[in-house]
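> Below is the file start.csv, which contains CSV, C-alpha atoms.
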```csv
chain,number,residue,atom,x,y,z
A,6,MET,CA,147.7,40.0,35.9
A,7,ILE,CA,144.1,40.7,35.2
A,8,GLU,CA,142.5,43.8,36.9
A,9,THR,CA,139.1,43.1,38.4
A,10,ALA,CA,136.5,45.7,39.4
A,11,PHE,CA,135.3,46.3,43.0
A,12,THR,CA,131.9,44.6,43.2
A,13,PRO,CA,130.5,45.6,46.6
A,14,LEU,CA,126.9,44.7,46.0
A,15,ALA,CA,127.4,41.3,44.3
A,16,SER,CA,130.1,40.3,46.8
A,17,LEU,CA,128.1,41.3,49.8
A,18,SER,CA,125.0,39.5,48.4
A,19,GLY,CA,127.0,36.4,47.6
A,20,GLY,CA,128.5,36.5,51.1
A,21,ILE,CA,125.1,36.7,52.7
A,22,LEU,CA,123.9,33.7,50.6
A,23,ILE,CA,127.0,31.7,51.8
A,24,GLY,CA,125.9,32.6,55.3
A,25,VAL,CA,122.3,31.6,54.7
A,26,ALA,CA,123.4,28.3,53.3
A,27,SER,CA,125.8,27.7,56.3
A,28,THR,CA,122.9,28.5,58.7
A,29,LEU,CA,120.5,26.2,56.9
A,30,LEU,CA,122.9,23.3,56.9
A,31,MET,CA,123.3,23.6,60.6
A,32,LEU,CA,119.5,24.0,61.1
A,33,THR,CA,118.7,20.9,59.0
A,34,LEU,CA,121.6,18.4,59.4
A,35,GLY,CA,123.5,20.0,62.3
A,36,ARG,CA,126.6,20.1,60.1
A,37,VAL,CA,129.3,22.7,59.4
A,38,MET,CA,129.4,23.9,55.8
A,39,GLY,CA,133.1,23.2,55.2
A,40,ALA,CA,134.1,22.4,51.6
A,41,THR,CA,137.1,20.5,52.8
A,42,GLY,CA,135.1,18.3,55.1
A,43,ILE,CA,132.5,17.7,52.4
A,44,LEU,CA,135.2,16.7,49.9
A,45,VAL,CA,137.1,14.4,52.3
A,46,GLY,CA,133.8,12.8,53.3
A,47,LEU,CA,133.1,12.0,49.6
A,48,ILE,CA,136.6,10.5,49.1
A,49,GLN,CA,136.5,8.4,52.2
A,50,PRO,CA,132.8,8.1,53.4
A,51,ALA,CA,132.3,6.5,56.8
A,52,THR,CA,128.8,5.2,55.9
A,53,SER,CA,126.6,5.4,52.8
A,54,ARG,CA,124.3,7.7,54.7
A,55,ASP,CA,127.2,10.0,55.3
A,56,PHE,CA,128.0,9.9,51.6
A,57,ALA,CA,124.5,10.7,50.4
A,58,TRP,CA,124.0,14.2,52.0
A,59,ARG,CA,127.5,15.2,50.9
A,60,ALA,CA,126.7,14.1,47.3
A,61,ALA,CA,123.4,16.0,47.4
A,62,LEU,CA,125.2,19.1,48.7
A,63,LEU,CA,127.9,18.9,46.0
A,64,ALA,CA,125.2,18.4,43.3
A,65,GLY,CA,123.5,21.6,44.5
A,66,MET,CA,126.8,23.5,44.4
A,67,VAL,CA,127.6,22.3,40.9
A,68,THR,CA,124.1,23.3,39.6
A,69,GLY,CA,125.0,26.9,40.7
A,70,PRO,CA,126.5,28.1,37.4
A,71,ALA,CA,123.5,26.8,35.5
A,72,LEU,CA,121.1,28.8,37.7
A,73,VAL,CA,123.3,31.9,37.5
A,74,TRP,CA,123.3,31.5,33.7
A,75,LEU,CA,119.5,31.1,33.6
A,76,VAL,CA,118.9,34.2,35.6
A,77,SER,CA,121.6,36.5,34.4
A,78,GLY,CA,122.1,35.2,30.8
A,79,GLU,CA,125.8,34.7,31.4
A,80,MET,CA,128.2,32.2,33.0
A,81,PRO,CA,130.0,33.5,36.2
A,82,ALA,CA,133.4,34.9,35.3
A,83,ILE,CA,136.3,32.5,36.0
A,84,GLU,CA,139.7,34.1,35.0
A,85,VAL,CA,142.8,32.1,35.7
A,86,PRO,CA,145.8,34.3,35.5
A,87,ILE,CA,148.4,31.6,36.2
A,88,SER,CA,150.1,28.7,34.3
A,89,THR,CA,148.8,25.2,34.3
A,90,ALA,CA,151.9,24.0,36.3
A,91,ALA,CA,151.1,26.6,39.0
A,92,LEU,CA,147.5,25.6,39.0
A,93,VAL,CA,148.4,21.9,39.7
A,94,ILE,CA,151.2,22.6,42.2
A,95,GLY,CA,149.0,25.1,44.0
A,96,GLY,CA,146.1,22.6,44.1
A,97,LEU,CA,148.3,19.9,45.6
A,98,ILE,CA,149.6,22.3,48.3
A,99,VAL,CA,146.0,23.4,49.1
A,100,GLY,CA,145.0,19.7,49.4
A,101,VAL,CA,147.8,18.9,51.8
A,102,GLY,CA,147.3,22.1,53.7
A,103,VAL,CA,143.5,21.8,54.3
A,104,SER,CA,144.0,18.1,55.4
A,105,PHE,CA,146.5,18.9,58.1
A,106,GLY,CA,144.8,22.2,59.0
A,107,SER,CA,141.4,20.4,59.1
A,108,GLY,CA,139.6,23.1,57.1
A,109,CYS,CA,139.6,26.0,54.6
A,110,ALA,CA,138.0,29.3,54.1
A,111,SER,CA,134.4,28.0,54.4
A,112,GLY,CA,134.9,25.6,57.4
A,113,HIS,CA,137.4,27.7,59.5
A,114,GLY,CA,136.9,31.1,57.9
A,115,VAL,CA,133.1,31.3,58.0
A,116,CYS,CA,131.6,28.5,60.1
A,117,GLY,CA,134.4,28.1,62.7
A,118,MET,CA,134.8,31.9,63.1
A,119,ALA,CA,131.0,32.3,63.5
A,120,ARG,CA,131.2,29.8,66.4
A,121,LEU,CA,134.1,31.9,67.8
A,122,SER,CA,136.2,28.6,67.8
A,123,PRO,CA,139.8,29.6,68.9
A,124,ARG,CA,141.2,26.9,66.5
A,125,SER,CA,139.3,28.4,63.5
A,126,ILE,CA,140.3,32.0,64.4
A,127,VAL,CA,144.0,31.0,64.6
A,128,ALA,CA,143.7,29.0,61.4
A,129,THR,CA,142.0,31.8,59.5
A,130,LEU,CA,144.4,34.5,60.6
A,131,THR,CA,147.3,32.1,59.7
A,132,PHE,CA,146.1,31.2,56.1
A,133,MET,CA,145.0,34.7,55.3
A,134,ALA,CA,148.5,36.1,56.3
A,135,ALA,CA,150.2,33.3,54.3
A,136,SER,CA,148.1,34.2,51.2
A,137,PHE,CA,148.8,37.9,51.4
A,138,ALA,CA,152.5,37.1,51.9
A,139,THR,CA,152.6,34.6,49.0
A,140,VAL,CA,150.9,36.9,46.5
A,141,TYR,CA,153.3,39.7,47.6
A,142,VAL,CA,156.3,37.5,47.0
A,143,ILE,CA,155.1,36.2,43.7
A,144,ARG,CA,154.0,39.5,42.2
A,145,HIS,CA,156.4,42.0,43.8
A,146,VAL,CA,159.5,40.2,44.9
A,147,ILE,CA,159.9,37.5,42.2
A,148,GLY,CA,157.8,39.2,39.5
A,149,GLY,CA,158.6,42.7,40.5
B,21,MET,CA,113.0,15.3,51.7
B,22,LYS,CA,116.2,15.6,53.6
B,23,LEU,CA,118.3,15.2,50.5
B,24,ILE,CA,116.2,17.7,48.5
B,25,ALA,CA,116.7,20.2,51.3
B,26,THR,CA,120.5,19.5,51.3
B,27,TYR,CA,120.6,19.8,47.5
B,28,LEU,CA,118.9,23.3,47.7
B,29,ILE,CA,121.3,24.4,50.4
B,30,GLY,CA,124.2,23.4,48.2
B,31,LEU,CA,122.6,25.4,45.4
B,32,ILE,CA,122.3,28.5,47.6
B,33,PHE,CA,125.9,28.1,48.7
B,34,GLY,CA,127.0,27.7,45.1
B,35,VAL,CA,125.2,30.7,43.8
B,36,GLY,CA,126.6,32.7,46.7
B,37,ILE,CA,130.1,31.7,45.9
B,38,LEU,CA,129.7,32.4,42.2
B,39,ILE,CA,128.1,35.9,42.4
B,40,SER,CA,130.5,36.9,45.2
B,41,GLY,CA,133.6,36.4,43.1
B,42,MET,CA,135.1,33.7,45.3
B,43,ALA,CA,135.2,31.3,42.4
B,44,ASN,CA,137.2,33.7,40.2
B,45,PRO,CA,140.9,33.3,40.9
B,46,ALA,CA,141.8,36.7,39.3
B,47,LYS,CA,139.5,38.4,41.8
B,48,VAL,CA,140.8,36.4,44.8
B,49,LEU,CA,144.4,37.0,43.9
B,50,ASN,CA,143.8,40.7,43.4
B,51,PHE,CA,142.2,40.8,46.9
B,52,PHE,CA,145.6,39.5,48.3
B,53,ASP,CA,147.5,42.0,46.2
B,54,VAL,CA,147.2,45.1,48.4
B,55,ALA,CA,150.5,46.5,46.9
B,56,GLY,CA,149.3,46.1,43.3
B,57,THR,CA,145.9,45.6,41.6
B,58,TRP,CA,143.9,45.5,44.8
B,59,ASP,CA,140.3,44.5,44.7
B,60,PRO,CA,138.7,44.7,48.2
B,61,SER,CA,135.5,42.8,47.2
B,62,LEU,CA,136.4,39.7,49.3
B,63,ILE,CA,136.2,41.6,52.5
B,64,LEU,CA,132.5,41.9,51.8
B,65,VAL,CA,132.1,38.2,51.0
B,66,MET,CA,133.9,37.1,54.2
B,67,GLY,CA,132.2,39.8,56.2
B,68,GLY,CA,128.7,39.2,54.8
B,69,ALA,CA,129.1,35.4,55.2
B,70,LEU,CA,130.5,35.6,58.7
B,71,VAL,CA,127.9,38.1,60.2
B,72,THR,CA,125.0,36.1,58.6
B,73,THR,CA,126.3,32.8,59.9
B,74,PHE,CA,127.1,34.3,63.3
B,75,VAL,CA,123.5,35.5,63.7
B,76,GLY,CA,122.1,32.4,62.0
B,77,TYR,CA,124.0,30.0,64.3
B,78,LYS,CA,122.8,32.0,67.4
B,79,LEU,CA,119.2,31.3,66.3
B,80,VAL,CA,119.8,27.7,65.3
B,81,PHE,CA,121.7,26.8,68.6
B,82,GLY,CA,118.6,28.0,70.5
B,83,ARG,CA,117.1,24.6,69.3
B,84,ALA,CA,117.7,21.3,71.1
B,85,ALA,CA,118.6,19.6,67.9
B,86,PRO,CA,118.6,20.1,64.1
B,87,ILE,CA,115.5,19.3,62.0
B,88,PHE,CA,116.7,16.0,60.4
B,89,GLU,CA,119.2,14.7,62.9
B,90,ARG,CA,119.3,13.9,66.7
B,91,ASP,CA,122.3,16.0,67.4
B,92,PHE,CA,124.5,18.8,66.1
B,93,SER,CA,127.8,17.4,64.8
B,94,LEU,CA,130.3,20.1,65.8
B,95,PRO,CA,134.1,19.7,65.5
B,96,GLY,CA,135.1,19.0,69.1
B,97,VAL,CA,138.9,19.2,69.0
B,98,ALA,CA,139.9,22.4,70.8
B,99,ARG,CA,143.7,22.1,70.5
B,100,ILE,CA,145.8,24.6,68.6
B,101,ASP,CA,148.7,22.4,67.5
B,102,ALA,CA,151.4,22.2,64.9
B,103,PRO,CA,149.3,20.5,62.2
B,104,LEU,CA,146.7,23.2,62.4
B,105,ILE,CA,149.2,26.0,62.0
B,106,GLY,CA,151.4,24.2,59.5
B,107,GLY,CA,148.4,23.1,57.4
B,108,SER,CA,146.9,26.5,57.5
B,109,ILE,CA,150.2,28.1,56.3
B,110,LEU,CA,150.3,25.6,53.4
B,111,PHE,CA,146.7,26.2,52.5
B,112,GLY,CA,147.4,30.0,52.5
B,113,VAL,CA,150.5,29.6,50.3
B,114,GLY,CA,148.5,27.4,47.9
B,115,TRP,CA,145.6,29.8,47.9
B,116,GLY,CA,148.0,32.6,47.2
B,117,ILE,CA,149.4,30.7,44.2
B,118,VAL,CA,146.2,29.6,42.5
B,119,GLY,CA,143.4,31.8,43.9
B,120,PHE,CA,141.0,28.8,44.1
B,121,CYS,CA,140.1,27.5,47.5
B,122,PRO,CA,138.0,24.3,47.9
B,123,GLY,CA,134.7,26.2,48.5
B,124,GLY,CA,135.4,28.4,45.5
B,125,ALA,CA,136.3,25.5,43.2
B,126,LEU,CA,133.5,23.0,43.9
B,127,PRO,CA,130.6,25.2,42.6
B,128,ALA,CA,132.8,26.4,39.7
B,129,LEU,CA,133.0,22.7,38.5
B,130,GLY,CA,129.5,23.3,37.1
B,131,THR,CA,130.9,25.8,34.6
B,132,GLY,CA,132.7,22.9,32.9
B,133,ARG,CA,136.0,24.9,32.7
B,134,TRP,CA,139.0,22.6,32.5
B,135,GLU,CA,141.1,24.8,34.8
B,136,VAL,CA,138.6,24.0,37.7
B,137,PHE,CA,138.8,20.3,37.0
B,138,ALA,CA,142.6,20.4,36.9
B,139,PHE,CA,142.7,22.3,40.2
B,140,THR,CA,140.2,19.9,41.8
B,141,ALA,CA,142.1,16.8,40.7
B,142,ALA,CA,145.3,18.3,42.2
B,143,LEU,CA,143.3,19.2,45.4
B,144,ILE,CA,142.0,15.6,45.7
B,145,ALA,CA,145.5,14.2,45.1
B,146,GLY,CA,146.9,16.5,47.8
B,147,ILE,CA,144.2,15.3,50.3
B,148,VAL,CA,144.9,11.6,49.5
B,149,LEU,CA,148.7,12.3,49.9
B,150,ALA,CA,148.1,14.0,53.2
B,151,ARG,CA,145.9,11.1,54.4
B,152,ALA,CA,148.7,8.6,53.5
B,153,ILE,CA,151.3,10.7,55.4
B,154,GLN,CA,149.0,10.9,58.4
B,155,SER,CA,148.3,7.2,58.5
B,156,ALA,CA,152.0,6.3,58.0
B,157,ALA,CA,152.9,8.6,60.9
B,158,ALA,CA,150.1,7.0,63.1
B,159,ARG,CA,151.5,3.5,62.3
B,160,ARG,CA,155.0,4.6,63.2
B,161,ALA,CA,153.8,6.1,66.5
B,162,GLN,CA,152.0,2.9,67.3
B,163,GLN,CA,155.0,0.7,66.6
B,164,ALA,CA,157.2,2.9,68.8
B,165,THR,CA,155.0,2.3,71.9
```
With the file now loaded, output its structure as structure tokens.

Amino acid sequence: MIETAFTPLASLSGGILIGVASTLLMLTLGRVMGATGILVGLIQPATSRDFAWRAALLAGMVTGPALVWLVSGEMPAIEVPISTAALVIGGLIVGVGVSFGSGCASGHGVCGMARLSPRSIVATLTFMAASFATVYVIRHVIGG
Amino acid sequence: MKLIATYLIGLIFGVGILISGMANPAKVLNFFDVAGTWDPSLILVMGGALVTTFVGYKLVFGRAAPIFERDFSLPGVARIDAPLIGGSILFGVGWGIVGFCPGGALPALGTGRWEVFAFTAALIAGIVLARAIQSAAARRAQQAT
């Protein structure tokens, strides 16, 4: 386990930027900023036009670390406190889950909740509860 | 023009994710660990993103159409069904195991860290697997009728 500091200012600013980006994507393309939808659309694009905007969006996201590094002088912290096996198994479960659940924290948790979509509210409450429960079991029941 | 705008929107999203801490599994897992090394930062990420998007959408939906397209493409399925609940439970379990979600991992690919690539490869494999299960189930349903 790695302890992390409470970062209210950075986290709030980051959250606002996520909201600004979600708003701008709706304003320009009329699309929901959902990471799952973007990824699925890149794996199985319906048309080449559909592929292009998703690829541009992903290219922008991936340039994020370079910009953070240019401005702050350091790469954003990424600390992975779990084994490689857990990383891969967790990744598979997330992939299956977001496909059946049609969305993740950005699509349901931000964009869907902001539209007050009942589906997204139910999905968000469900996956947040499952995450809290999973971490509790892993760290305090199995690991405790 | 449209693609440049989209690229810049992706960049804003990526920077937001990175400085918020959503791309850092240690931070995400600590948010879920209320009984242990709790870090409440993610409340501010989700809250800030949600309030900003809520207000932003209100303004945007005052328009007849988006700037570059004829219509808004909004998810239209209103049903709360078993796949939604089951899938969300699975996503929550997986997120609780790794601390990466799709939106957190995609911008983090740009750091070049192998852990992010390993997670994203597994994520894509999971999506492809789910698609295969879904189309097999659809085929079986079609044959049954």
> Which neighbours of stretch 143-147 of chain B fall inside 9 Å, counting all atoms listed in the file, when residues of the same chain fewer than 5 positions from it are skipped, and could you give them as a list in words?
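Listing them by chain and then by number gives Leu44, Val45, Ile48, Val93, Gly95, Gly96, Leu97, Ile98, Val99, Gly100, Val101, Gly102, Val103, Ser104 and Phe105 of chain A; Pro122, Ala138 and Ala152 of chain B.
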> Tell me, as a PyMOL selection string, which residues lie within 9 Å of A:Pro123, counting all atoms listed in the file; anything in the same chain fewer than 4 positions away does not count.
(chain A and resi 117-118+127-128) or (chain B and resi 98-100)
> Do you have the atom CA of B:Phe139-atom CA of B:Ala46 distance handy?
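If I compute the distance from atom CA of B:Phe139 to atom CA of B:Ala46, I get 14.5 Å.
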> Please list, as a PyMOL selection string, the residues that have an atom at most 12 Å away from (112.9, 19.3, 52.6) in the coordinates of this file, counting all atoms listed in the file.
(chain A and resi 29-30+32-34) or (chain B and resi 21-29+87-88)
> Please determine, counting all atoms listed in the file, which residue among A:Ala60, A:Val146, A:Ala51, A:Ala135 has the shortest atom-to-atom distance to chain B.
A:Ala135
> What is the distance, in Å and to one decimal place, between atom CA of A:Leu14 and atom CA of B:Gly56?
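Straight-line distance from atom CA of A:Leu14 to atom CA of B:Gly56 works out to 22.6 Å.
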> In Å to one decimal, how far is atom CA of A:His145 from atom CA of A:Ala82?
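We find that atom CA of A:Ala82 and atom CA of A:His145 lie 25.5 Å from each other.
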> Skipping near chain neighbours, those fewer than 6 positions away, what residues fall within 12 Å of B:Gly34 using only C-alpha atoms, listed as an MDAnalysis selection string?
(chainID A and resid 19:27 38 40 62:73 81 111) or (chainID B and resid 27:28 40:43 122:131)
> Taking all atoms listed in the file into account, name the residue in B:Ala69, B:Val75, B:Ala156, B:Ala84 that is nearest to chain A.
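Answer, going by the shortest atom-to-atom distance: B:Ala69.
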> Out of A:Thr89, A:Gly106, A:Phe56, A:Pro50, which residue has the shortest atom-to-atom distance to chain B when counting all atoms listed in the file?
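For chain B, the nearest of the candidates is A:Gly106.
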> So that I can check the surroundings of B:Phe74, please list as a list in words every protein, DNA and RNA residue that reaches within 9 Å of it, counting only C-alpha atoms and ignoring chain neighbours fewer than 2 positions away.
Gly24, Thr28, Val115, Cys116, Met118, Ala119, Arg120 and Leu121 of chain A; Ala69, Leu70, Val71, Thr72, Gly76, Tyr77, Lys78 and Leu79 of chain B
> Generate the output file for the selected residues, C-alpha atoms, as a PDB file, in the frame of the given file.

```pdb
ATOM      1  CA  GLY A  24     125.900  32.600  55.300  1.00  0.00           C
ATOM      2  CA  THR A  28     122.900  28.500  58.700  1.00  0.00           C
ATOM      3  CA  VAL A 115     133.100  31.300  58.000  1.00  0.00           C
ATOM      4  CA  CYS A 116     131.600  28.500  60.100  1.00  0.00           C
ATOM      5  CA  MET A 118     134.800  31.900  63.100  1.00  0.00           C
ATOM      6  CA  ALA A 119     131.000  32.300  63.500  1.00  0.00           C
ATOM      7  CA  ARG A 120     131.200  29.800  66.400  1.00  0.00           C
ATOM      8  CA  LEU A 121     134.100  31.900  67.800  1.00  0.00           C
TER       9      LEU A 121
ATOM     10  CA  ALA B  69     129.100  35.400  55.200  1.00  0.00           C
ATOM     11  CA  LEU B  70     130.500  35.600  58.700  1.00  0.00           C
ATOM     12  CA  VAL B  71     127.900  38.100  60.200  1.00  0.00           C
ATOM     13  CA  THR B  72     125.000  36.100  58.600  1.00  0.00           C
ATOM     14  CA  GLY B  76     122.100  32.400  62.000  1.00  0.00           C
ATOM     15  CA  TYR B  77     124.000  30.000  64.300  1.00  0.00           C
ATOM     16  CA  LYS B  78     122.800  32.000  67.400  1.00  0.00           C
ATOM     17  CA  LEU B  79     119.200  31.300  66.300  1.00  0.00           C
TER      18      LEU B  79
END
```
> How would stretch 80-99 of chain A look written as a PDB file, in the first residue's frame with N, CA, C and O atoms?

```
ATOM      1  N   MET A  80       6.845  14.433 -14.793  1.00  0.00           N
ATOM      2  CA  MET A  80       5.788  13.565 -15.305  1.00  0.00           C
ATOM      3  C   MET A  80       4.744  13.361 -14.202  1.00  0.00           C
ATOM      4  O   MET A  80       5.097  13.305 -13.030  1.00  0.00           O
ATOM      5  N   PRO A  81       3.469  13.249 -14.565  1.00  0.00           N
ATOM      6  CA  PRO A  81       2.446  12.969 -13.558  1.00  0.00           C
ATOM      7  C   PRO A  81       2.727  11.643 -12.843  1.00  0.00           C
ATOM      8  O   PRO A  81       3.197  10.700 -13.469  1.00  0.00           O
ATOM      9  N   ALA A  82       2.452  11.602 -11.536  1.00  0.00           N
ATOM     10  CA  ALA A  82       2.739  10.402 -10.749  1.00  0.00           C
ATOM     11  C   ALA A  82       1.807   9.261 -11.132  1.00  0.00           C
ATOM     12  O   ALA A  82       0.597   9.435 -11.210  1.00  0.00           O
ATOM     13  N   ILE A  83       2.389   8.097 -11.426  1.00  0.00           N
ATOM     14  CA  ILE A  83       1.600   6.883 -11.632  1.00  0.00           C
ATOM     15  C   ILE A  83       2.230   5.802 -10.772  1.00  0.00           C
ATOM     16  O   ILE A  83       3.340   5.337 -11.039  1.00  0.00           O
ATOM     17  N   GLU A  84       1.550   5.484  -9.665  1.00  0.00           N
ATOM     18  CA  GLU A  84       2.079   4.473  -8.746  1.00  0.00           C
ATOM     19  C   GLU A  84       1.142   3.274  -8.795  1.00  0.00           C
ATOM     20  O   GLU A  84      -0.055   3.419  -8.571  1.00  0.00           O
ATOM     21  N   VAL A  85       1.697   2.105  -9.102  1.00  0.00           N
ATOM     22  CA  VAL A  85       0.876   0.902  -9.234  1.00  0.00           C
ATOM     23  C   VAL A  85       1.197  -0.047  -8.077  1.00  0.00           C
ATOM     24  O   VAL A  85       2.202  -0.748  -8.118  1.00  0.00           O
ATOM     25  N   PRO A  86       0.338  -0.057  -7.037  1.00  0.00           N
ATOM     26  CA  PRO A  86       0.669  -0.843  -5.847  1.00  0.00           C
ATOM     27  C   PRO A  86       0.204  -2.292  -5.913  1.00  0.00           C
ATOM     28  O   PRO A  86       0.000  -2.907  -4.865  1.00  0.00           O
ATOM     29  N   ILE A  87       0.039  -2.863  -7.128  1.00  0.00           N
ATOM     30  CA  ILE A  87      -0.463  -4.239  -7.236  1.00  0.00           C
ATOM     31  C   ILE A  87       0.435  -5.055  -8.160  1.00  0.00           C
ATOM     32  O   ILE A  87       1.245  -4.498  -8.897  1.00  0.00           O
ATOM     33  N   SER A  88       0.249  -6.386  -8.130  1.00  0.00           N
ATOM     34  CA  SER A  88       1.073  -7.274  -8.960  1.00  0.00           C
ATOM     35  C   SER A  88       0.661  -7.192 -10.429  1.00  0.00           C
ATOM     36  O   SER A  88      -0.437  -6.720 -10.752  1.00  0.00           O
ATOM     37  N   THR A  89       1.546  -7.670 -11.313  1.00  0.00           N
ATOM     38  CA  THR A  89       1.231  -7.670 -12.751  1.00  0.00           C
ATOM     39  C   THR A  89       0.024  -8.557 -13.030  1.00  0.00           C
ATOM     40  O   THR A  89      -0.828  -8.218 -13.855  1.00  0.00           O
ATOM     41  N   ALA A  90      -0.066  -9.691 -12.323  1.00  0.00           N
ATOM     42  CA  ALA A  90      -1.208 -10.601 -12.522  1.00  0.00           C
ATOM     43  C   ALA A  90      -2.511  -9.870 -12.193  1.00  0.00           C
ATOM     44  O   ALA A  90      -3.489  -9.928 -12.946  1.00  0.00           O
ATOM     45  N   ALA A  91      -2.525  -9.144 -11.072  1.00  0.00           N
ATOM     46  CA  ALA A  91      -3.729  -8.407 -10.666  1.00  0.00           C
ATOM     47  C   ALA A  91      -4.055  -7.307 -11.687  1.00  0.00           C
ATOM     48  O   ALA A  91      -5.223  -7.052 -11.997  1.00  0.00           O
ATOM     49  N   LEU A  92      -3.010  -6.695 -12.229  1.00  0.00           N
ATOM     50  CA  LEU A  92      -3.175  -5.629 -13.227  1.00  0.00           C
ATOM     51  C   LEU A  92      -3.901  -6.164 -14.468  1.00  0.00           C
ATOM     52  O   LEU A  92      -4.833  -5.547 -14.987  1.00  0.00           O
ATOM     53  N   VAL A  93      -3.470  -7.353 -14.927  1.00  0.00           N
ATOM     54  CA  VAL A  93      -4.040  -7.936 -16.142  1.00  0.00           C
ATOM     55  C   VAL A  93      -5.449  -8.486 -15.880  1.00  0.00           C
ATOM     56  O   VAL A  93      -6.378  -8.236 -16.659  1.00  0.00           O
ATOM     57  N   ILE A  94      -5.613  -9.195 -14.752  1.00  0.00           N
ATOM     58  CA  ILE A  94      -6.941  -9.749 -14.431  1.00  0.00           C
ATOM     59  C   ILE A  94      -7.940  -8.597 -14.226  1.00  0.00           C
ATOM     60  O   ILE A  94      -9.051  -8.617 -14.753  1.00  0.00           O
ATOM     61  N   GLY A  95      -7.517  -7.581 -13.481  1.00  0.00           N
ATOM     62  CA  GLY A  95      -8.382  -6.416 -13.259  1.00  0.00           C
ATOM     63  C   GLY A  95      -8.738  -5.728 -14.572  1.00  0.00           C
ATOM     64  O   GLY A  95      -9.883  -5.338 -14.783  1.00  0.00           O
ATOM     65  N   GLY A  96      -7.764  -5.618 -15.462  1.00  0.00           N
ATOM     66  CA  GLY A  96      -8.001  -4.989 -16.763  1.00  0.00           C
ATOM     67  C   GLY A  96      -9.040  -5.746 -17.579  1.00  0.00           C
ATOM     68  O   GLY A  96      -9.926  -5.146 -18.195  1.00  0.00           O
ATOM     69  N   LEU A  97      -8.930  -7.073 -17.579  1.00  0.00           N
ATOM     70  CA  LEU A  97      -9.906  -7.913 -18.291  1.00  0.00           C
ATOM     71  C   LEU A  97     -11.310  -7.705 -17.722  1.00  0.00           C
ATOM     72  O   LEU A  97     -12.279  -7.546 -18.470  1.00  0.00           O
ATOM     73  N   ILE A  98     -11.402  -7.730 -16.379  1.00  0.00           N
ATOM     74  CA  ILE A  98     -12.709  -7.576 -15.731  1.00  0.00           C
ATOM     75  C   ILE A  98     -13.300  -6.196 -16.058  1.00  0.00           C
ATOM     76  O   ILE A  98     -14.486  -6.075 -16.370  1.00  0.00           O
ATOM     77  N   VAL A  99     -12.455  -5.159 -16.033  1.00  0.00           N
ATOM     78  CA  VAL A  99     -12.934  -3.815 -16.378  1.00  0.00           C
ATOM     79  C   VAL A  99     -13.456  -3.801 -17.819  1.00  0.00           C
ATOM     80  O   VAL A  99     -14.531  -3.265 -18.106  1.00  0.00           O
TER      81      VAL A  99
END
```
